[in-house]
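Taking it in order: structure first as structure tokens, then the write-up.
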Amino acid sequence: MAAHRCGLFLVIILIFSSLAHPSSCDTLEKADGNVGEKQGVSDAHREVNADGSVTGEDLNERQWQSTDVELDRSDGTEDSEPFRPAPAKDEFQEELVIRPLHSGDIYASFQFRTLWDTDFLQEGQKVSHYRLFPKSLGQVLSKFSVRELHISFTQGFWRTMQWGQPFIPSPPGAELWVWFHHTVSDVDGNWKELTNVLSGIFCASLNFIDLTNTVQPSASFKPLGLGNATDHRFLRYATLPREIVCTENLTPWKKLLPCGSKAGLAVLMKSEKLFHSSFHSQAVHIRPVCQDDQCTNKAWELRQTLNVVFDLYTSGQGKREWSLFKMFSRTLTEACPLASSSKVYVDITDNPEGELFELSPATSLLSQAVVLGDRRTYSVYDLTRAETFGQLRSLNLLLRWKGESGDMLRPLLHAERYVAGFGLQTGEIHTVIYNNHPYRAFPVLLMDSVPWYLQLYIHTLTVTSKSRDNKPSYIHYQPAKDRHRPHLLEMLIQLPPHSMTEVTVQFERALLKWTEYTPDPNHGFYVGSSVVSALVPSMVAMNTNFTKDQPLFSSFVPVKEESSYFVRVYTEPLLVNLPTPDFSMPYNVICLTCTVVAVGYGSFYNLLTRTFQVDEPSPPLAKRLANLVRRIRGVPLLT
Amino acid sequence: MAALQLEKQRGRYAALAIAAVVIVVGIPLWWKTTQTYRAWLPYSEISELDTLQLQLSVDIEVVFSRGTLTPEQQKKVPLSHVNEKEHQIDAKTGLRYKYETRYRTATIMEEDALNQPTAAEADLSLHMLTESSCGSVVVYVIPESSTLLPKDVKVYVGQRRTALLRTAPFKSSWSLKEVLSNLDLQVEQIVSTMSFSHQDIVAALSDRVRMTKVTKESMADSMRAIKSSPGYEITFSLLNPDPKSHSLHWDIEGALHSYIQPLLDKLAPVANFSVDSQILYYAVLGVNPRFDNSVSAYTLNADSLSHVINPVEARLGSNAASSNPVLNFLLYVPDAHHSPLFIRDHSKRKVPSNAFHSPRWGGIMVYNVNEMYGPEDERPVDITINMAKVMGVFLAQLRLMLGVQHSRPPTGFVLQSPGSAGLADWELDRLLWSRSVENIATASTTITSLAQLLDQIGNIVINDNIAQQVSSAVSSLQSAVAELEAGNLAFALQYSREAILASERAFFDPSLLHLLYFPDDQKFAIYIPLFLPMCVPIVLSLLKIVSETKQRRADKQAKSD
């Protein structure tokens with residue numbers, strides 16, 4: 001009996017350990033899992049605890065003992081040893097940009113940047129002493145030799161036509177793209193392990209990223225940091241359009257900030273307000289950057305961004321006004337003491353004379369920045385200065401609209417996508433790209449990653465603009481392999497001025513194996529967003545100089561030339577229905593087949609084993625009656 | 001009538017033939033096609049490991065210096081002597097200690113070395129003369145008159161594997177045997193200090209043996225030490241709950257280099273260590289310390305420490321890149337409004353080191369900085385932490401966690417402190433002994449329970465790689481036991497580590513889980529529609545044939561009667 005229970009216990013441990021390992025929700029829980037495993041192996045030890053002879057050593061009930069130290073040990077003679085490494089320099093900046101949108105919504109964009117002039121990939125030297133940079137991410141970078149890592153979690157869809165371009169675009173769901181260092185030999189193995197570790201760190205289902213949804217784009221995702229790697233063997237890109245983003249993803253994200261959510265701009269991040277919004281996107285971008293203007297030294301940049309669009313128009317009883325307190329149910333009281341700069345920017349470009357809205361408290365600090373091909377003016381509130389907070393020692397920005405805002409300029413580049421066709425066999429993917437520039441044509445890179453169960457008919461690919469055939473100048477197509485890799489289609493398309501370009505391709509839906517369906521197969525299957533990357537001609541001269549005090553939101557994408565700026569537009573993800581079988585079918589089939597077999601077999605068996613004998617037919621009724629009469633009369637019977 | 005009989009006979013044969021086909025072809029076919037792949041495991045060897053007989057052999061050398069033995073006694077040395085002790089721990093675990101003692105007189109060079117002015121210097125020059133092998137012990141017997149040791153000290157244990165023993169002068173009338181038996185007790189004491197004591201070994205076996213009558217103290221010792229593992233992560237965290245007032249600087253890199261690294265280098269054969277550090281801001285304790293008017297300071301009681309740590313622990317995080325056990329060392333600098341802060345132990349006394357440790361978790365030290373600045377200094381105040389003070393505490397805690405016990409020496413013993421190396425050779429030996437035994441115990445338990453589990457649950461697929469891991473674990477275990485028996489401590493540890501790695505890899509292999517849950521009711525639901533209608537006629541006709549045969553036999557019996 002005891003042995004049997006021990007076996008059962010081990011089974012439970014086995015299940016637990018396997019469940020806990022790939023996607024443990026928190027790094028802490030992972031540690032607990034290990035404790036559990038170890039204790040499972042040594043359950044004799046547990047017994048001792050259960051006896052109560054010794055204090056239990058559960059995490060909550062630790063046995064604390066005072067440490068007796070022979071203080072003569074620390075005689076300090078070795079202090080004089082001249083081992084003094086150069087102190088690691090790191091720097092933290094935080095920033096919040098608020099942009100009133102023309103639709104009446106408010107766009108709030110947080111950016112936190114940690115710069116650290118160290119090298120995670122240096123040979124022979126392990127980086128293991130962390131100050132502002134989060135330890136968990138640093139360990140990941142050095143273990144997997146990551147050169148650049150971009151991860152975003154987004155709930156909702158960015159409506160480019162109503163809201164304009166975001167500072168940092170992201171597709172709905174989760175997106176992860178990573179450039180590995182060129183010394184990595186087993187990129188796929190590293191990628192697999194990395195996604196598992198990241199899913200533990202961010203408490204997300206990134207562990208569902210595998211080879212069937214990973215692609216290696218050849219042109220669309222160039223490194224944003226230092227170095228111009230072109231070998232896309234070291235790049236991996238994957239999206240999970242189905243991923244739902246919620247509080248449990250925000251908490252670990254906040255934990256990466258040096259001040260946590262205790263001080264600085266991060267105090268505004270109350271999850272019940274952030275997720276009560278039209279759009280929520282949080283991201284982590286890690287890349288090597290230049291340390292100074294001359295670019296003599298490399299530094300690592302960790303940029304944590306959080307973008308929210310609040311729909312205050314509908315929830316504010318039709319009054320067009322907003323304040324920090326209304327949006328976040330908090331006000332700002334201090335900067336993060338570790339931050340070298342901590343600023344709030346409010347976009348007042350549309351309101352140069354103050355006739356459109358009124359912003360209070362007023363600030364004399366103004367800043368101009370060229371961002372996304374447009375020169376914008378911002379009111380700046382510097383949280384490191386005491387006078388920003390006034391006498392109340394708190395900053396509650398308030399904006400009251402006075403008049404109606406004018407029409408928004410249509411964004412120059414815009415894309416959308418949908419599935420056409422009927423029935424469950426074939427269909428057609430339409431991607432429509434708009435160039436709203438009145439007189440300039442420019443090329444765009446379209447990247448599509450389609451799962452293998454939509455079998456693309458690449459010969460039906462057509463690109464038309466202004467009802468004429470538009471031949472892409474570059475096509476990179478990697479066909480899918482069933483259950484191994486998705487389709488990857490990349491095209492360089494020239495968009496004529498003021499035009500609409502339509503890309504269509506037909507596909508056939510595959511029949512999946514019955515274990516490959518999701519738990520709710522009738523909901524449909526998601527296909528990740530297509531990515532349109534372009535250098536869009538700029539209305540104003542872009543700022544190509546690298547300066548230190550540039551606002552963070554304008555310095556994310558490196559600007560190479562003055563005349564154009566880089567934009568990435570994500571389309572809607574697709575939801576495609578696949579032919580779905582009746583899932584009780586296998587059992588029905590088994591039952592039916594077995595019954596048929598059993599009936600056939602039964603009759604056959606009877607035929608073989610039964611004894612057949614000729615049964616004498618009973619004489620007809622008339623004959624029987626006649627015989628009866630004959631018996632009575634004593635006459636011989638009829639036969 | 002004969003035709004009818006013939007027909008019946010044919011039917012009977014047909015039924016028998018079908019039954020035969022089902023039994024001979026059908027059942028093996030079904031068995032073969034629904035079987036799970038189960039590679040061969042060395043079950044017999046595993047069951048041998050279930051009963052573990054460990055033999056630990058120690059080489060002891062007893063060297064008599066000049067003036068301890070009379071010439072007659074000297075004539076009879078060198079000689080050697082083997083002493084064995086057996087302990088049966090429980091029905092399945094036995095221990096045998098084999099002490100191989102060799103007695104000889106000191107060489108001239110050793111005599112010279114023993115004439116150094118202090119014991120430490122003598123220890124060093126003796127070490128230069130001979131390199132003693134891992135796990136062995138050398139005891140030098142020096143005369144009463146020697147000035148090497150202070151008056152009340154009888155035994156001096158050096159930094160290496162040597163000990164000096166001062167004895168009362170032997171009576172010249174004694175035979176050598178009497179002299180040796182007189183020495184034996186003291187030598188035994190030295191050996192149990194320097195290599196292993198029975199208690200240590202029993203504590204190391206705690207994985208296998210259910211202990212009932214172990215003293216509380218030795219249990220606390222064995223629980224404090226972290227379990228044996230191929231690697232450890234050591235994390236130093238500086239907690240700064242008040243970055244507005246204190247800007248803290250710690251030279252952790254330099255401190256690790258000069259204090260922790262020598263110890264870890266020394267421990268390299270035991271496990272791999274990786275060290276990192278971080279600074280956590282706004283990490284507050286879970287309990288508000290109480291202001292104590294009598295000492296005009298804030299105090300925390302030891303009872304509340306477990307609650308204190310919980311909110312911090314959520315932020316400590318574990319190593320994202322490995323799954324080795326983590327040892328945490330926290331340096332907590334209380335915020336300006338709660339300084340100074342002192343910890344009181346269970347008997348309400350102030351702890352001089354202001355530091356506490358928790359078994360298998362790590363330690364925390366409170367570092368008060370309130371005296372380093374005045375109230376009018378500009379905030380944040382730049383404060384450099386005195387790493388020598390901090391590292392002294394953390395090093396002591398680390399030694400406790402790693403199981404390098406500060407065993408209380410018997411009276412009259414002086415233990416030389418290990419100095420800059422952080423660890424004396426004999427301390428390392430002690431650790432190697434208990435770690436080898438612990439690894440062997442753990443690995444054998446893991447392997448036997450895995451075999452038991454696989455034996456019990458027939459659904460589990462056993463792949464070739466698992467079988468290979470199991471076999472390699474078993475063979476490593478056997479070699480570890482053999483090496484321990486031969487007294488090759490370093491090899492024994494090496495093999496036992498391999499055994500533990502292989503056994504854990506086999507035990508936690510995910511492929512064991514694939515078909516683990518395949519319940520019998522579902523199997524029957526699938527089989528019954530086919531098997532029931534097929535088997536019922538066969539069984540019925542077989543029964544009928546049997547009853548007919550019986551009937552016929554009974555008839556025949558009746559007829560012959």
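Starting from 1 in every chain, residues are counted up; chains themselves are A, B, ... following the order of the structure tokens, and ligands are numbered from 1 as listed.
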
Near Asp429 (chain B), counting only C-alpha atoms, which residues have an atom at most 12 Å away, once you skip same-chain residues fewer than 2 positions from it, shown as an MDAnalysis selection string? chainID B and resid 58 132:137 159:161 191:196 266:267 269:270 403:405 423:427 431:436 487:490 492:493

Report the residues of region 162-271 of chain A whose backbone DSSP state falls under strand (DSSP E or B), written as a compact mmCIF listing (two decimals) with N, CA, C and O atoms, in the first residue's frame.
```txt
# COMPACT_ATOMS: atom_id res chain seq x y z
N GLY A 173 -2.39 40.86 -30.50
CA GLY A 173 -1.83 39.61 -29.98
C GLY A 173 -0.38 39.82 -29.59
O GLY A 173 0.02 40.92 -29.23
N ALA A 174 0.39 38.76 -29.66
CA ALA A 174 1.79 38.85 -29.27
C ALA A 174 2.67 38.78 -30.50
O ALA A 174 2.37 38.05 -31.44
N GLU A 175 3.72 39.56 -30.50
CA GLU A 175 4.68 39.52 -31.60
C GLU A 175 6.06 39.43 -31.00
O GLU A 175 6.35 40.09 -30.00
N LEU A 176 6.90 38.59 -31.57
CA LEU A 176 8.26 38.45 -31.06
C LEU A 176 9.19 38.34 -32.24
O LEU A 176 8.99 37.51 -33.12
N TRP A 177 10.17 39.20 -32.30
CA TRP A 177 11.22 38.99 -33.30
C TRP A 177 12.57 39.24 -32.68
O TRP A 177 12.77 40.13 -31.87
N VAL A 178 13.48 38.35 -33.04
CA VAL A 178 14.78 38.29 -32.38
C VAL A 178 15.87 38.12 -33.42
O VAL A 178 15.75 37.30 -34.33
N TRP A 179 16.89 38.93 -33.31
CA TRP A 179 18.13 38.72 -34.07
C TRP A 179 19.12 38.04 -33.15
O TRP A 179 19.44 38.58 -32.09
N PHE A 180 19.62 36.90 -33.55
CA PHE A 180 20.63 36.23 -32.74
C PHE A 180 22.02 36.65 -33.19
O PHE A 180 22.22 37.09 -34.33
N THR A 214 6.87 30.19 -37.12
CA THR A 214 8.05 31.04 -37.13
C THR A 214 8.54 31.22 -38.56
O THR A 214 8.60 30.24 -39.30
N VAL A 215 8.88 32.43 -38.93
CA VAL A 215 9.43 32.67 -40.27
C VAL A 215 10.74 33.44 -40.13
O VAL A 215 11.06 33.98 -39.08
N LEU A 235 17.63 35.57 -37.89
CA LEU A 235 16.43 36.29 -37.50
C LEU A 235 15.28 35.30 -37.36
O LEU A 235 15.14 34.37 -38.15
N ARG A 236 14.48 35.49 -36.34
CA ARG A 236 13.26 34.70 -36.19
C ARG A 236 12.11 35.66 -35.89
O ARG A 236 12.26 36.58 -35.08
N TYR A 237 10.99 35.41 -36.52
CA TYR A 237 9.83 36.27 -36.34
C TYR A 237 8.61 35.40 -36.14
O TYR A 237 8.40 34.43 -36.86
N ALA A 238 7.81 35.71 -35.13
CA ALA A 238 6.59 34.93 -34.92
C ALA A 238 5.53 35.82 -34.30
O ALA A 238 5.84 36.75 -33.55
N THR A 239 4.29 35.56 -34.65
CA THR A 239 3.19 36.26 -34.00
C THR A 239 2.20 35.24 -33.47
O THR A 239 2.06 34.14 -34.01
N LEU A 240 1.53 35.62 -32.40
CA LEU A 240 0.42 34.82 -31.88
C LEU A 240 -0.80 35.73 -31.87
O LEU A 240 -1.05 36.43 -30.90
```

With distances taken over only C-alpha atoms, which residue among B:Ala396, B:Ile440, B:Leu238, B:Ile142 lies nearest Ala106 (chain B)?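 Result for the nearest residue to Ala106 (chain B): B:Ile142.
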
Using only C-alpha atoms, which protein or nucleic acid residues come within 7 Å of Lys192 (chain A)? Drop anything in the same chain fewer than 4 positions from it, and give the result as a compact mmCIF listing (two decimals) with all heavy atoms, in the first residue's frame.
```txt
# COMPACT_ATOMS: atom_id res chain seq x y z
N ASP A 188 17.60 27.52 -34.19
CA ASP A 188 16.25 27.03 -33.88
C ASP A 188 16.14 26.55 -32.44
O ASP A 188 15.14 26.79 -31.78
CB ASP A 188 15.88 25.90 -34.85
CG ASP A 188 15.46 26.46 -36.19
OD1 ASP A 188 14.88 27.57 -36.20
OD2 ASP A 188 15.71 25.81 -37.21
N ASN A 196 10.36 29.77 -24.59
CA ASN A 196 9.87 29.18 -23.34
C ASN A 196 10.25 30.04 -22.14
O ASN A 196 9.43 30.25 -21.25
CB ASN A 196 10.44 27.77 -23.17
CG ASN A 196 9.66 26.76 -23.96
OD1 ASN A 196 8.46 26.92 -24.15
ND2 ASN A 196 10.32 25.75 -24.44
N ASP A 210 6.34 27.84 -32.26
CA ASP A 210 7.22 26.74 -32.68
C ASP A 210 7.53 26.93 -34.15
O ASP A 210 7.26 27.99 -34.72
CB ASP A 210 6.57 25.39 -32.37
CG ASP A 210 5.18 25.30 -32.94
OD1 ASP A 210 4.84 26.16 -33.77
OD2 ASP A 210 4.43 24.38 -32.57
```

Gly390 (chain A) surroundings by only C-alpha atoms, 12 Å radius, close-in-sequence under 2 positions cut, as a ChimeraX atom specification: /A:332-334,360-363,381,383,385-388,392-397

Could the residues in this selection be written to a file with N, CA, C and O atoms, as a JSON list (two decimals), in the first residue's frame?
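And here's part32.json as it stands now:
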```json
[["chain", "number", "residue", "atom", "x", "y", "z"],
["A", 332, "LEU", "N", 0.30, 62.49, -10.69],
["A", 332, "LEU", "CA", 1.74, 62.35, -10.55],
["A", 332, "LEU", "C", 2.22, 63.16, -9.36],
["A", 332, "LEU", "O", 1.79, 64.31, -9.17],
["A", 333, "THR", "N", 3.09, 62.59, -8.55],
["A", 333, "THR", "CA", 3.60, 63.33, -7.41],
["A", 333, "THR", "C", 5.11, 63.44, -7.43],
["A", 333, "THR", "O", 5.66, 64.33, -6.80],
["A", 334, "GLU", "N", 5.79, 62.57, -8.10],
["A", 334, "GLU", "CA", 7.26, 62.65, -8.10],
["A", 334, "GLU", "C", 7.78, 61.89, -9.31],
["A", 334, "GLU", "O", 7.09, 61.07, -9.91],
["A", 360, "SER", "N", -4.42, 72.83, -18.50],
["A", 360, "SER", "CA", -4.00, 73.37, -17.21],
["A", 360, "SER", "C", -3.37, 72.26, -16.38],
["A", 360, "SER", "O", -3.81, 71.11, -16.46],
["A", 361, "PRO", "N", -2.35, 72.48, -15.57],
["A", 361, "PRO", "CA", -1.69, 73.77, -15.43],
["A", 361, "PRO", "C", -0.90, 74.12, -16.69],
["A", 361, "PRO", "O", -0.43, 73.22, -17.39],
["A", 362, "ALA", "N", -0.77, 75.41, -16.95],
["A", 362, "ALA", "CA", -0.06, 75.83, -18.15],
["A", 362, "ALA", "C", 1.44, 75.70, -17.89],
["A", 362, "ALA", "O", 1.89, 75.79, -16.76],
["A", 363, "THR", "N", 2.14, 75.46, -18.95],
["A", 363, "THR", "CA", 3.59, 75.40, -18.81],
["A", 363, "THR", "C", 4.22, 76.26, -19.88],
["A", 363, "THR", "O", 3.68, 76.41, -20.97],
["A", 381, "TYR", "N", 6.31, 68.91, -19.34],
["A", 381, "TYR", "CA", 6.29, 69.00, -17.88],
["A", 381, "TYR", "C", 7.44, 68.16, -17.37],
["A", 381, "TYR", "O", 7.46, 66.95, -17.57],
["A", 383, "LEU", "N", 9.26, 66.43, -14.60],
["A", 383, "LEU", "CA", 8.93, 65.97, -13.25],
["A", 383, "LEU", "C", 10.11, 66.04, -12.30],
["A", 383, "LEU", "O", 9.95, 65.89, -11.09],
["A", 385, "ARG", "N", 11.72, 68.61, -11.72],
["A", 385, "ARG", "CA", 11.75, 69.95, -11.12],
["A", 385, "ARG", "C", 10.56, 70.12, -10.19],
["A", 385, "ARG", "O", 9.43, 69.76, -10.53],
["A", 386, "ALA", "N", 10.82, 70.68, -9.02],
["A", 386, "ALA", "CA", 9.80, 70.73, -7.99],
["A", 386, "ALA", "C", 8.64, 71.64, -8.40],
["A", 386, "ALA", "O", 7.49, 71.38, -8.03],
["A", 387, "GLU", "N", 8.92, 72.71, -9.19],
["A", 387, "GLU", "CA", 7.84, 73.66, -9.47],
["A", 387, "GLU", "C", 6.77, 73.07, -10.38],
["A", 387, "GLU", "O", 5.67, 73.62, -10.48],
["A", 388, "THR", "N", 7.06, 71.96, -11.02],
["A", 388, "THR", "CA", 6.07, 71.33, -11.88],
["A", 388, "THR", "C", 4.83, 70.91, -11.08],
["A", 388, "THR", "O", 3.71, 70.95, -11.59],
["A", 392, "LEU", "N", 0.14, 71.99, -4.59],
["A", 392, "LEU", "CA", -0.57, 70.78, -4.14],
["A", 392, "LEU", "C", 0.36, 69.56, -4.12],
["A", 392, "LEU", "O", -0.02, 68.50, -3.66],
["A", 393, "ARG", "N", 1.57, 69.74, -4.63],
["A", 393, "ARG", "CA", 2.54, 68.65, -4.71],
["A", 393, "ARG", "C", 2.01, 67.47, -5.52],
["A", 393, "ARG", "O", 2.30, 66.33, -5.24],
["A", 394, "SER", "N", 1.16, 67.80, -6.46],
["A", 394, "SER", "CA", 0.73, 66.73, -7.37],
["A", 394, "SER", "C", 0.38, 67.35, -8.71],
["A", 394, "SER", "O", -0.04, 68.51, -8.77],
["A", 395, "LEU", "N", 0.60, 66.61, -9.74],
["A", 395, "LEU", "CA", 0.36, 67.13, -11.09],
["A", 395, "LEU", "C", -0.81, 66.37, -11.68],
["A", 395, "LEU", "O", -0.78, 65.16, -11.85],
["A", 396, "ASN", "N", -1.89, 67.11, -11.94],
["A", 396, "ASN", "CA", -3.05, 66.51, -12.58],
["A", 396, "ASN", "C", -3.35, 67.32, -13.83],
["A", 396, "ASN", "O", -4.01, 68.35, -13.79],
["A", 397, "LEU", "N", -2.83, 66.86, -14.95],
["A", 397, "LEU", "CA", -3.04, 67.58, -16.21],
["A", 397, "LEU", "C", -4.51, 67.55, -16.58],
["A", 397, "LEU", "O", -5.17, 66.52, -16.46]]
```

For region 431-447 of chain A, work out the shell of residues within 9 Å, counting only C-alpha atoms and skipping chain neighbours fewer than 6 positions away, then give it as a PyMOL selection string. chain A and resi 217+219-220+410-419+488-505+529-537+571
